[in-house]
file my_file.pdb (PDB, C-alpha atoms)
ATOM      1  CA  MET A 130       0.000   0.000   0.000  1.00  0.00           C
ATOM      2  CA  SER A 131       1.352   3.422  -0.870  1.00  0.00           C
ATOM      3  CA  LEU A 132       2.133   6.110   1.659  1.00  0.00           C
ATOM      4  CA  THR A 133      -0.623   8.322   0.256  1.00  0.00           C
ATOM      5  CA  ASN A 134      -3.315   5.744   0.972  1.00  0.00           C
ATOM      6  CA  GLU A 135      -1.982   5.043   4.458  1.00  0.00           C
ATOM      7  CA  ILE A 136      -2.130   8.688   5.469  1.00  0.00           C
ATOM      8  CA  VAL A 137      -5.085  10.118   3.592  1.00  0.00           C
ATOM      9  CA  LEU A 138      -7.523   7.224   3.576  1.00  0.00           C
ATOM     10  CA  ARG A 139      -6.510   5.521   6.790  1.00  0.00           C
ATOM     11  CA  PRO A 140      -4.882   7.713   9.401  1.00  0.00           C
ATOM     12  CA  ARG A 141      -4.517   4.516  11.450  1.00  0.00           C
ATOM     13  CA  PHE A 142      -1.999   1.906  10.416  1.00  0.00           C
ATOM     14  CA  LYS A 143      -0.511  -1.320  11.711  1.00  0.00           C
ATOM     15  CA  PHE A 144       2.498  -3.378  10.659  1.00  0.00           C
ATOM     16  CA  ASP A 145       4.913  -5.943  12.063  1.00  0.00           C
ATOM     17  CA  VAL A 146       8.651  -5.440  12.591  1.00  0.00           C
ATOM     18  CA  GLU A 147      11.195  -8.220  12.980  1.00  0.00           C
ATOM     19  CA  THR A 148      12.745  -7.098  16.251  1.00  0.00           C
ATOM     20  CA  ILE A 149      11.703  -6.912  19.870  1.00  0.00           C
ATOM     21  CA  ASN A 150       9.517  -4.010  20.923  1.00  0.00           C
ATOM     22  CA  GLU A 151      11.807  -2.824  23.720  1.00  0.00           C
ATOM     23  CA  LYS A 152      14.643  -2.243  21.240  1.00  0.00           C
ATOM     24  CA  LEU A 153      12.392  -0.048  19.107  1.00  0.00           C
ATOM     25  CA  LEU A 154      11.077   1.835  22.128  1.00  0.00           C
ATOM     26  CA  LYS A 155      14.621   2.528  23.343  1.00  0.00           C
ATOM     27  CA  GLY A 156      15.494   3.662  19.823  1.00  0.00           C
ATOM     28  CA  PHE A 157      12.758   6.283  19.910  1.00  0.00           C
ATOM     29  CA  GLU A 158      13.967   7.381  23.354  1.00  0.00           C
ATOM     30  CA  GLU A 159      17.490   7.847  21.958  1.00  0.00           C
ATOM     31  CA  THR A 160      16.167  10.054  19.153  1.00  0.00           C
ATOM     32  CA  LYS A 161      15.115  12.615  21.768  1.00  0.00           C
ATOM     33  CA  THR A 162      18.754  13.604  22.191  1.00  0.00           C
ATOM     34  CA  THR A 163      20.114  12.933  18.703  1.00  0.00           C
ATOM     35  CA  GLN A 164      17.772  15.194  16.735  1.00  0.00           C
ATOM     36  CA  SER A 165      15.794  18.402  17.285  1.00  0.00           C
ATOM     37  CA  ASP A 166      13.253  18.313  14.439  1.00  0.00           C
ATOM     38  CA  PHE A 167      10.682  16.403  16.498  1.00  0.00           C
ATOM     39  CA  VAL A 168       9.608  16.108  20.100  1.00  0.00           C
ATOM     40  CA  VAL A 169       9.512  12.435  21.062  1.00  0.00           C
ATOM     41  CA  SER A 170       7.995  11.232  24.312  1.00  0.00           C
ATOM     42  CA  ARG A 171       7.478   7.712  25.565  1.00  0.00           C
ATOM     43  CA  ILE A 172       5.050   6.337  28.121  1.00  0.00           C
ATOM     44  CA  ASP A 173       5.258   2.546  28.523  1.00  0.00           C
ATOM     45  CA  ASP A 174       4.672   1.069  25.033  1.00  0.00           C
ATOM     46  CA  HIS A 175       3.383   4.379  23.628  1.00  0.00           C
ATOM     47  CA  VAL A 176       5.479   6.862  21.675  1.00  0.00           C
ATOM     48  CA  PHE A 177       4.224  10.343  20.805  1.00  0.00           C
ATOM     49  CA  ILE A 178       5.966  12.264  18.021  1.00  0.00           C
ATOM     50  CA  LYS A 179       5.151  15.892  17.372  1.00  0.00           C
ATOM     51  CA  PHE A 180       6.763  19.063  16.152  1.00  0.00           C
ATOM     52  CA  PRO A 181       8.475  21.528  18.521  1.00  0.00           C
ATOM     53  CA  LYS A 182       6.288  24.412  19.671  1.00  0.00           C
ATOM     54  CA  GLN A 183       8.082  26.950  17.468  1.00  0.00           C
ATOM     55  CA  ASN A 184       7.351  24.832  14.355  1.00  0.00           C
ATOM     56  CA  GLN A 185       3.709  24.092  15.168  1.00  0.00           C
ATOM     57  CA  HIS A 186       0.639  25.791  13.811  1.00  0.00           C
ATOM     58  CA  PHE A 187      -3.002  25.319  14.811  1.00  0.00           C
ATOM     59  CA  TRP A 188      -3.448  22.304  12.501  1.00  0.00           C
ATOM     60  CA  SER A 189      -0.131  20.552  13.192  1.00  0.00           C
ATOM     61  CA  PRO A 190      -0.621  16.792  13.481  1.00  0.00           C
ATOM     62  CA  GLN A 191       1.068  14.400  15.838  1.00  0.00           C
ATOM     63  CA  LEU A 192       1.808  10.704  15.540  1.00  0.00           C
ATOM     64  CA  HIS A 193       0.908   8.271  18.298  1.00  0.00           C
ATOM     65  CA  LEU A 194       2.627   4.887  18.090  1.00  0.00           C
ATOM     66  CA  GLU A 195       1.937   1.845  20.208  1.00  0.00           C
ATOM     67  CA  ILE A 196       4.689  -0.743  19.879  1.00  0.00           C
ATOM     68  CA  ASN A 197       3.589  -4.097  21.286  1.00  0.00           C
ATOM     69  CA  GLU A 198       5.390  -7.388  21.605  1.00  0.00           C
ATOM     70  CA  LYS A 199       3.982  -9.873  19.104  1.00  0.00           C
ATOM     71  CA  ASP A 200       6.232 -12.780  20.046  1.00  0.00           C
ATOM     72  CA  SER A 201       9.814 -13.211  21.274  1.00  0.00           C
ATOM     73  CA  ASN A 202      11.362 -11.848  18.030  1.00  0.00           C
ATOM     74  CA  ASN A 203       8.662  -9.623  16.530  1.00  0.00           C
ATOM     75  CA  ALA A 204       6.800  -6.452  17.416  1.00  0.00           C
ATOM     76  CA  THR A 205       3.605  -4.871  16.119  1.00  0.00           C
ATOM     77  CA  VAL A 206       3.477  -1.128  15.502  1.00  0.00           C
ATOM     78  CA  HIS A 207       0.055   0.547  15.714  1.00  0.00           C
ATOM     79  CA  GLY A 208       0.032   4.147  14.536  1.00  0.00           C
ATOM     80  CA  LEU A 209      -2.475   6.969  14.592  1.00  0.00           C
ATOM     81  CA  PHE A 210      -2.103  10.376  12.990  1.00  0.00           C
ATOM     82  CA  GLY A 211      -4.197  12.999  14.689  1.00  0.00           C
ATOM     83  CA  PRO A 212      -4.490  16.640  15.568  1.00  0.00           C
ATOM     84  CA  ASN A 213      -3.340  18.115  18.806  1.00  0.00           C
ATOM     85  CA  PRO A 214      -5.688  16.709  21.505  1.00  0.00           C
ATOM     86  CA  THR A 215      -6.736  20.248  22.468  1.00  0.00           C
ATOM     87  CA  VAL A 216      -7.798  21.026  18.893  1.00  0.00           C
ATOM     88  CA  TRP A 217      -9.624  17.692  18.643  1.00  0.00           C
ATOM     89  CA  THR A 218     -11.506  18.325  21.902  1.00  0.00           C
ATOM     90  CA  MET A 219     -12.451  21.845  20.799  1.00  0.00           C
ATOM     91  CA  PHE A 220     -13.805  20.605  17.467  1.00  0.00           C
ATOM     92  CA  MET A 221     -15.803  17.840  19.157  1.00  0.00           C
ATOM     93  CA  PHE A 222     -17.190  20.390  21.630  1.00  0.00           C
ATOM     94  CA  PHE A 223     -18.288  22.685  18.784  1.00  0.00           C
ATOM     95  CA  HIS A 224     -19.922  19.794  16.932  1.00  0.00           C
ATOM     96  CA  PHE A 225     -21.754  18.739  20.103  1.00  0.00           C
ATOM     97  CA  ILE A 226     -22.990  22.288  20.754  1.00  0.00           C
ATOM     98  CA  VAL A 227     -24.180  22.710  17.145  1.00  0.00           C
ATOM     99  CA  ALA A 228     -25.969  19.333  17.245  1.00  0.00           C
ATOM    100  CA  GLY A 229     -27.637  20.209  20.540  1.00  0.00           C
ATOM    101  CA  LEU A 230     -28.755  23.598  19.259  1.00  0.00           C
ATOM    102  CA  PHE A 231     -30.011  21.997  16.031  1.00  0.00           C
ATOM    103  CA  LEU A 232     -32.195  19.603  18.026  1.00  0.00           C
ATOM    104  CA  GLY A 233     -33.389  22.362  20.353  1.00  0.00           C
ATOM    105  CA  PHE A 234     -34.273  24.758  17.539  1.00  0.00           C
ATOM    106  CA  GLY A 235     -35.864  21.895  15.584  1.00  0.00           C
ATOM    107  CA  ILE A 236     -38.133  21.026  18.528  1.00  0.00           C
ATOM    108  CA  TRP A 237     -38.969  24.700  19.001  1.00  0.00           C
ATOM    109  CA  THR A 238     -39.806  24.996  15.274  1.00  0.00           C
ATOM    110  CA  TYR A 239     -42.011  21.878  15.383  1.00  0.00           C
ATOM    111  CA  THR A 240     -43.800  23.074  18.521  1.00  0.00           C
ATOM    112  CA  ASN A 241     -44.591  26.480  17.043  1.00  0.00           C
ATOM    113  CA  ALA A 242     -45.721  24.927  13.747  1.00  0.00           C
ATOM    114  CA  THR A 243     -47.991  22.467  15.588  1.00  0.00           C
ATOM    115  CA  LEU A 244     -49.521  25.247  17.692  1.00  0.00           C
ATOM    116  CA  GLY A 245     -50.135  27.354  14.595  1.00  0.00           C
ATOM    117  CA  ASN A 246     -47.716  30.094  15.665  1.00  0.00           C
ATOM    118  CA  SER A 247     -45.177  31.779  13.456  1.00  0.00           C
ATOM    119  CA  TYR A 248     -42.031  29.678  13.212  1.00  0.00           C
ATOM    120  CA  ALA A 249     -39.897  31.476  10.606  1.00  0.00           C
ATOM    121  CA  ILE A 250     -37.226  32.555  13.091  1.00  0.00           C
ATOM    122  CA  GLN A 251     -36.993  29.082  14.611  1.00  0.00           C
ATOM    123  CA  LEU A 252     -36.735  27.455  11.173  1.00  0.00           C
ATOM    124  CA  PHE A 253     -34.024  29.925  10.205  1.00  0.00           C
ATOM    125  CA  LEU A 254     -32.059  29.101  13.377  1.00  0.00           C
ATOM    126  CA  THR A 255     -32.443  25.349  12.736  1.00  0.00           C
ATOM    127  CA  LEU A 256     -31.155  25.687   9.179  1.00  0.00           C
ATOM    128  CA  PHE A 257     -28.421  28.049  10.357  1.00  0.00           C
ATOM    129  CA  MET A 258     -27.108  25.242  12.592  1.00  0.00           C
ATOM    130  CA  VAL A 259     -26.816  23.051   9.492  1.00  0.00           C
ATOM    131  CA  LEU A 260     -24.829  25.813   7.817  1.00  0.00           C
ATOM    132  CA  ILE A 261     -22.539  26.123  10.838  1.00  0.00           C
ATOM    133  CA  TRP A 262     -22.002  22.342  10.795  1.00  0.00           C
ATOM    134  CA  PHE A 263     -20.922  22.544   7.131  1.00  0.00           C
ATOM    135  CA  VAL A 264     -18.535  25.398   8.001  1.00  0.00           C
ATOM    136  CA  LEU A 265     -17.020  23.270  10.797  1.00  0.00           C
ATOM    137  CA  TYR A 266     -16.704  20.326   8.416  1.00  0.00           C
ATOM    138  CA  ILE A 267     -14.996  22.418   5.729  1.00  0.00           C
ATOM    139  CA  ALA A 268     -12.662  23.973   8.303  1.00  0.00           C
ATOM    140  CA  GLY A 269     -11.700  20.502   9.510  1.00  0.00           C
ATOM    141  CA  ARG A 270     -11.002  19.321   5.960  1.00  0.00           C
ATOM    142  CA  MET A 271      -8.912  22.420   5.269  1.00  0.00           C
ATOM    143  CA  GLY A 272      -6.943  21.795   8.463  1.00  0.00           C
ATOM    144  CA  LYS A 273      -6.336  18.193   7.478  1.00  0.00           C
ATOM    145  CA  THR A 274      -5.077  19.355   4.083  1.00  0.00           C
ATOM    146  CA  LYS A 275      -2.811  21.945   5.690  1.00  0.00           C
ATOM    147  CA  GLY A 276      -1.342  19.331   8.030  1.00  0.00           C
ATOM    148  CA  LYS A 277      -0.773  16.680   5.352  1.00  0.00           C
ATOM    149  CA  PRO A 278       2.847  17.675   4.496  1.00  0.00           C
ATOM    150  CA  GLU A 279       3.696  17.416   8.190  1.00  0.00           C
ATOM    151  CA  MET A 280       2.094  13.966   8.318  1.00  0.00           C
ATOM    152  CA  TYR A 281       4.534  12.874   5.623  1.00  0.00           C
ATOM    153  CA  LYS A 282       7.448  14.225   7.684  1.00  0.00           C
ATOM    154  CA  LEU A 283       6.245  12.397  10.812  1.00  0.00           C
ATOM    155  CA  HIS A 284       5.800   9.192   8.829  1.00  0.00           C
ATOM    156  CA  ALA A 285       9.278   9.469   7.268  1.00  0.00           C
ATOM    157  CA  PHE A 286      10.840  10.107  10.681  1.00  0.00           C
ATOM    158  CA  MET A 287       9.074   7.068  12.127  1.00  0.00           C
ATOM    159  CA  LYS A 288      10.167   4.824   9.238  1.00  0.00           C
ATOM    160  CA  GLU A 289      13.771   6.042   9.463  1.00  0.00           C
ATOM    161  CA  THR A 290      13.902   5.510  13.225  1.00  0.00           C
ATOM    162  CA  LEU A 291      12.459   2.017  12.886  1.00  0.00           C
ATOM    163  CA  ARG A 292      14.966   1.217  10.129  1.00  0.00           C
ATOM    164  CA  VAL A 293      17.968   2.429  12.156  1.00  0.00           C
ATOM    165  CA  TYR A 294      17.031   0.707  15.421  1.00  0.00           C
ATOM    166  CA  ARG A 295      16.020  -2.713  14.088  1.00  0.00           C
TER     167      ARG A 295
END
call {"tool": "encode", "arguments": {"input": "my_file.pdb", "output": "structure tokens"}}
result
Amino acid sequence: MSLTNEIVLRPRFKFDVETINEKLLKGFEETKTTQSDFVVSRIDDHVFIKFPKQNQHFWSPQLHLEINEKDSNNATVHGLFGPNPTVWTMFMFFHFIVAGLFLGFGIWTYTNATLGNSYAIQLFLTLFMVLIWFVLYIAGRMGKTKGKPEMYKLHAFMKETLRVYR
């Protein structure tokens, strides 16, 4: 499978490596001191790779790796590209608020229509929530597009580190 499909179509990936997981994990720990292009942190079998603060922008992705022992001579690498957790939480919060308001305005519209009252304002607000959802969706897609070159850099760094520390 090509790199493009791995990143764009499936931000999650999984593959096996012919070495023990602890060797790979220690390799990522060593890269903390041998390079300055990425910030690498390790917690148990999890490795987080992101860009330094001065090189980050709002849409900068990070790579979360989980390197598990498959058997005595092999390891499995699970990877996930994603936005900064703060950005992800904010976007989910906005989507939740818009969905809640959509339901609330929709019920208000239905109630006024059923009672025979004017419901133009409520219908406008309900449809406006749909518009806001589309704006959030487009903003998310634009952010993903803006972060794609950085995803390639994270992926290349991961592959190089795995190749060196096998």
call {"tool": "residues_around", "arguments": {"input": "my_file.pdb", "residues": "Phe157 of chain A", "least_positions_apart": "5", "cutoff": "9 Å", "atoms": "all atoms listed in the file", "output": "ChimeraX atom specification"}}
result
/A:152,169-171,176,287,290-291,294
call {"tool": "resolve_selection", "arguments": {"input": "my_file.pdb", "expression": "the PyMOL selection byres ((chain A and resi 208) around 10)", "output": "list in words"}}
result
Pro140, Arg141, Phe142, Lys143, Phe144, His175, Val176, Phe177, Leu192, His193, Leu194, Glu195, Ile196, Thr205, Val206, His207, Leu209, Phe210, Gly211, His284 and Met287 of chain A
call {"tool": "write_last_selection", "arguments": {"input": "my_file.pdb", "atoms": "C-alpha atoms", "output": "compact mmCIF listing (two decimals), in the coordinates of the input"}}
result
# COMPACT_ATOMS: atom_id res chain seq x y z
CA PRO A 140 -4.88 7.71 9.40
CA ARG A 141 -4.52 4.52 11.45
CA PHE A 142 -2.00 1.91 10.42
CA LYS A 143 -0.51 -1.32 11.71
CA PHE A 144 2.50 -3.38 10.66
CA HIS A 175 3.38 4.38 23.63
CA VAL A 176 5.48 6.86 21.68
CA PHE A 177 4.22 10.34 20.80
CA LEU A 192 1.81 10.70 15.54
CA HIS A 193 0.91 8.27 18.30
CA LEU A 194 2.63 4.89 18.09
CA GLU A 195 1.94 1.84 20.21
CA ILE A 196 4.69 -0.74 19.88
CA THR A 205 3.60 -4.87 16.12
CA VAL A 206 3.48 -1.13 15.50
CA HIS A 207 0.06 0.55 15.71
CA LEU A 209 -2.48 6.97 14.59
CA PHE A 210 -2.10 10.38 12.99
CA GLY A 211 -4.20 13.00 14.69
CA HIS A 284 5.80 9.19 8.83
CA MET A 287 9.07 7.07 12.13
call {"tool": "resolve_selection", "arguments": {"input": "my_file.pdb", "expression": "the PyMOL selection byres ((chain A and resi 204) around 9)", "output": "PyMOL selection string"}}
result
chain A and resi 144-151+153+196-203+205-206
call {"tool": "atom_distance", "arguments": {"input": "my_file.pdb", "atom1": "atom CA of Thr218 of chain A", "atom2": "atom CA of Phe286 of chain A"}}
result
26.3 Å
call {"tool": "atom_distance", "arguments": {"input": "my_file.pdb", "atom1": "atom CA of Lys273 of chain A", "atom2": "atom CA of Gly156 of chain A"}}
result
29.0 Å
call {"tool": "resolve_selection", "arguments": {"input": "my_file.pdb", "expression": "the PyMOL selection byres ((chain A and resi 229-233) around 12)", "output": "list in words"}}
result
Phe222, Phe223, His224, Phe225, Ile226, Val227, Ala228, Phe234, Gly235, Ile236, Trp237, Thr238, Tyr239, Thr240, Gln251, Leu252, Phe253, Leu254, Thr255, Leu256, Phe257, Met258, Val259, Leu260, Ile261 and Trp262 of chain A
call {"tool": "atom_distance", "arguments": {"input": "my_file.pdb", "atom1": "atom CA of Val293 of chain A", "atom2": "atom CA of Lys161 of chain A"}}
result
14.3 Å
call {"tool": "closest_residue", "arguments": {"input": "my_file.pdb", "among": "A:Glu289, A:Lys277, A:Ile267, A:Thr243", "to": "Pro212 of chain A", "atoms": "all atoms listed in the file"}}
result
A:Lys277
call {"tool": "closest_residue", "arguments": {"input": "my_file.pdb", "among": "A:Ser189, A:Lys282, A:Tyr266, A:Glu158", "to": "Asp174 of chain A", "atoms": "all atoms listed in the file"}}
result
A:Glu158
call {"tool": "closest_residue", "arguments": {"input": "my_file.pdb", "among": "A:Thr162, A:Met219, A:Pro181, A:Gln191", "to": "Leu265 of chain A", "atoms": "all atoms listed in the file"}}
result
A:Met219
call {"tool": "closest_residue", "arguments": {"input": "my_file.pdb", "among": "A:Ile178, A:Ile172, A:Val264, A:Pro190", "to": "Thr160 of chain A", "atoms": "all atoms listed in the file"}}
result
A:Ile178
call {"tool": "closest_residue", "arguments": {"input": "my_file.pdb", "among": "A:Asp173, A:Asn241, A:Trp188, A:Ser165", "to": "Thr274 of chain A", "atoms": "all atoms listed in the file"}}
result
A:Trp188
call {"tool": "decode", "arguments": {"input": "my_file.pdb", "residues": "segment 207-236 of chain A", "atoms": "N, CA and C atoms", "output": "compact mmCIF listing (two decimals), in the first residue's frame"}}
result
# COMPACT_ATOMS: atom_id res chain seq x y z
N HIS A 207 1.36 -0.06 16.00
CA HIS A 207 0.05 0.55 15.71
C HIS A 207 0.27 2.05 15.69
N GLY A 208 -0.18 2.71 14.64
CA GLY A 208 0.03 4.15 14.54
C GLY A 208 -1.26 4.90 14.29
N LEU A 209 -1.31 6.12 14.78
CA LEU A 209 -2.47 6.97 14.59
C LEU A 209 -2.01 8.40 14.39
N PHE A 210 -2.34 8.96 13.23
CA PHE A 210 -2.10 10.38 12.99
C PHE A 210 -3.31 11.13 13.51
N GLY A 211 -3.07 12.22 14.20
CA GLY A 211 -4.20 13.00 14.69
C GLY A 211 -3.80 14.42 15.00
N PRO A 212 -4.80 15.26 15.19
CA PRO A 212 -4.49 16.64 15.57
C PRO A 212 -4.06 16.71 17.02
N ASN A 213 -3.63 17.85 17.41
CA ASN A 213 -3.34 18.11 18.81
C ASN A 213 -4.60 17.78 19.61
N PRO A 214 -4.49 17.07 20.74
CA PRO A 214 -5.69 16.71 21.50
C PRO A 214 -6.55 17.90 21.90
N THR A 215 -5.96 19.06 22.13
CA THR A 215 -6.74 20.25 22.47
C THR A 215 -7.61 20.67 21.29
N VAL A 216 -7.04 20.66 20.10
CA VAL A 216 -7.80 21.03 18.89
C VAL A 216 -8.93 20.03 18.67
N TRP A 217 -8.62 18.73 18.83
CA TRP A 217 -9.62 17.69 18.64
C TRP A 217 -10.79 17.87 19.64
N THR A 218 -10.47 18.13 20.88
CA THR A 218 -11.51 18.32 21.90
C THR A 218 -12.35 19.55 21.58
N MET A 219 -11.71 20.64 21.15
CA MET A 219 -12.45 21.84 20.80
C MET A 219 -13.42 21.57 19.64
N PHE A 220 -12.93 20.90 18.61
CA PHE A 220 -13.80 20.61 17.47
C PHE A 220 -14.97 19.71 17.87
N MET A 221 -14.72 18.72 18.71
CA MET A 221 -15.80 17.84 19.16
C MET A 221 -16.81 18.63 20.00
N PHE A 222 -16.31 19.55 20.82
CA PHE A 222 -17.19 20.39 21.63
C PHE A 222 -18.08 21.24 20.73
N PHE A 223 -17.49 21.87 19.70
CA PHE A 223 -18.29 22.69 18.78
C PHE A 223 -19.34 21.85 18.06
N HIS A 224 -18.96 20.67 17.60
CA HIS A 224 -19.92 19.79 16.93
C HIS A 224 -21.06 19.40 17.88
N PHE A 225 -20.73 19.11 19.12
CA PHE A 225 -21.75 18.74 20.10
C PHE A 225 -22.71 19.90 20.37
N ILE A 226 -22.16 21.10 20.52
CA ILE A 226 -22.99 22.29 20.75
C ILE A 226 -23.91 22.54 19.56
N VAL A 227 -23.36 22.47 18.34
CA VAL A 227 -24.18 22.71 17.14
C VAL A 227 -25.28 21.65 17.03
N ALA A 228 -24.96 20.39 17.31
CA ALA A 228 -25.97 19.33 17.24
C ALA A 228 -27.06 19.56 18.29
N GLY A 229 -26.65 19.94 19.49
CA GLY A 229 -27.64 20.21 20.54
C GLY A 229 -28.54 21.38 20.19
N LEU A 230 -27.95 22.44 19.67
CA LEU A 230 -28.76 23.60 19.26
C LEU A 230 -29.67 23.25 18.09
N PHE A 231 -29.18 22.44 17.15
CA PHE A 231 -30.01 22.00 16.03
C PHE A 231 -31.25 21.26 16.55
N LEU A 232 -31.05 20.34 17.47
CA LEU A 232 -32.20 19.60 18.03
C LEU A 232 -33.14 20.54 18.79
N GLY A 233 -32.55 21.43 19.59
CA GLY A 233 -33.39 22.36 20.35
C GLY A 233 -34.20 23.28 19.45
N PHE A 234 -33.55 23.88 18.46
CA PHE A 234 -34.27 24.76 17.54
C PHE A 234 -35.28 23.97 16.70
N GLY A 235 -34.93 22.73 16.34
CA GLY A 235 -35.86 21.90 15.58
C GLY A 235 -37.12 21.60 16.39
N ILE A 236 -36.96 21.28 17.66
CA ILE A 236 -38.13 21.03 18.53
C ILE A 236 -38.95 22.30 18.69
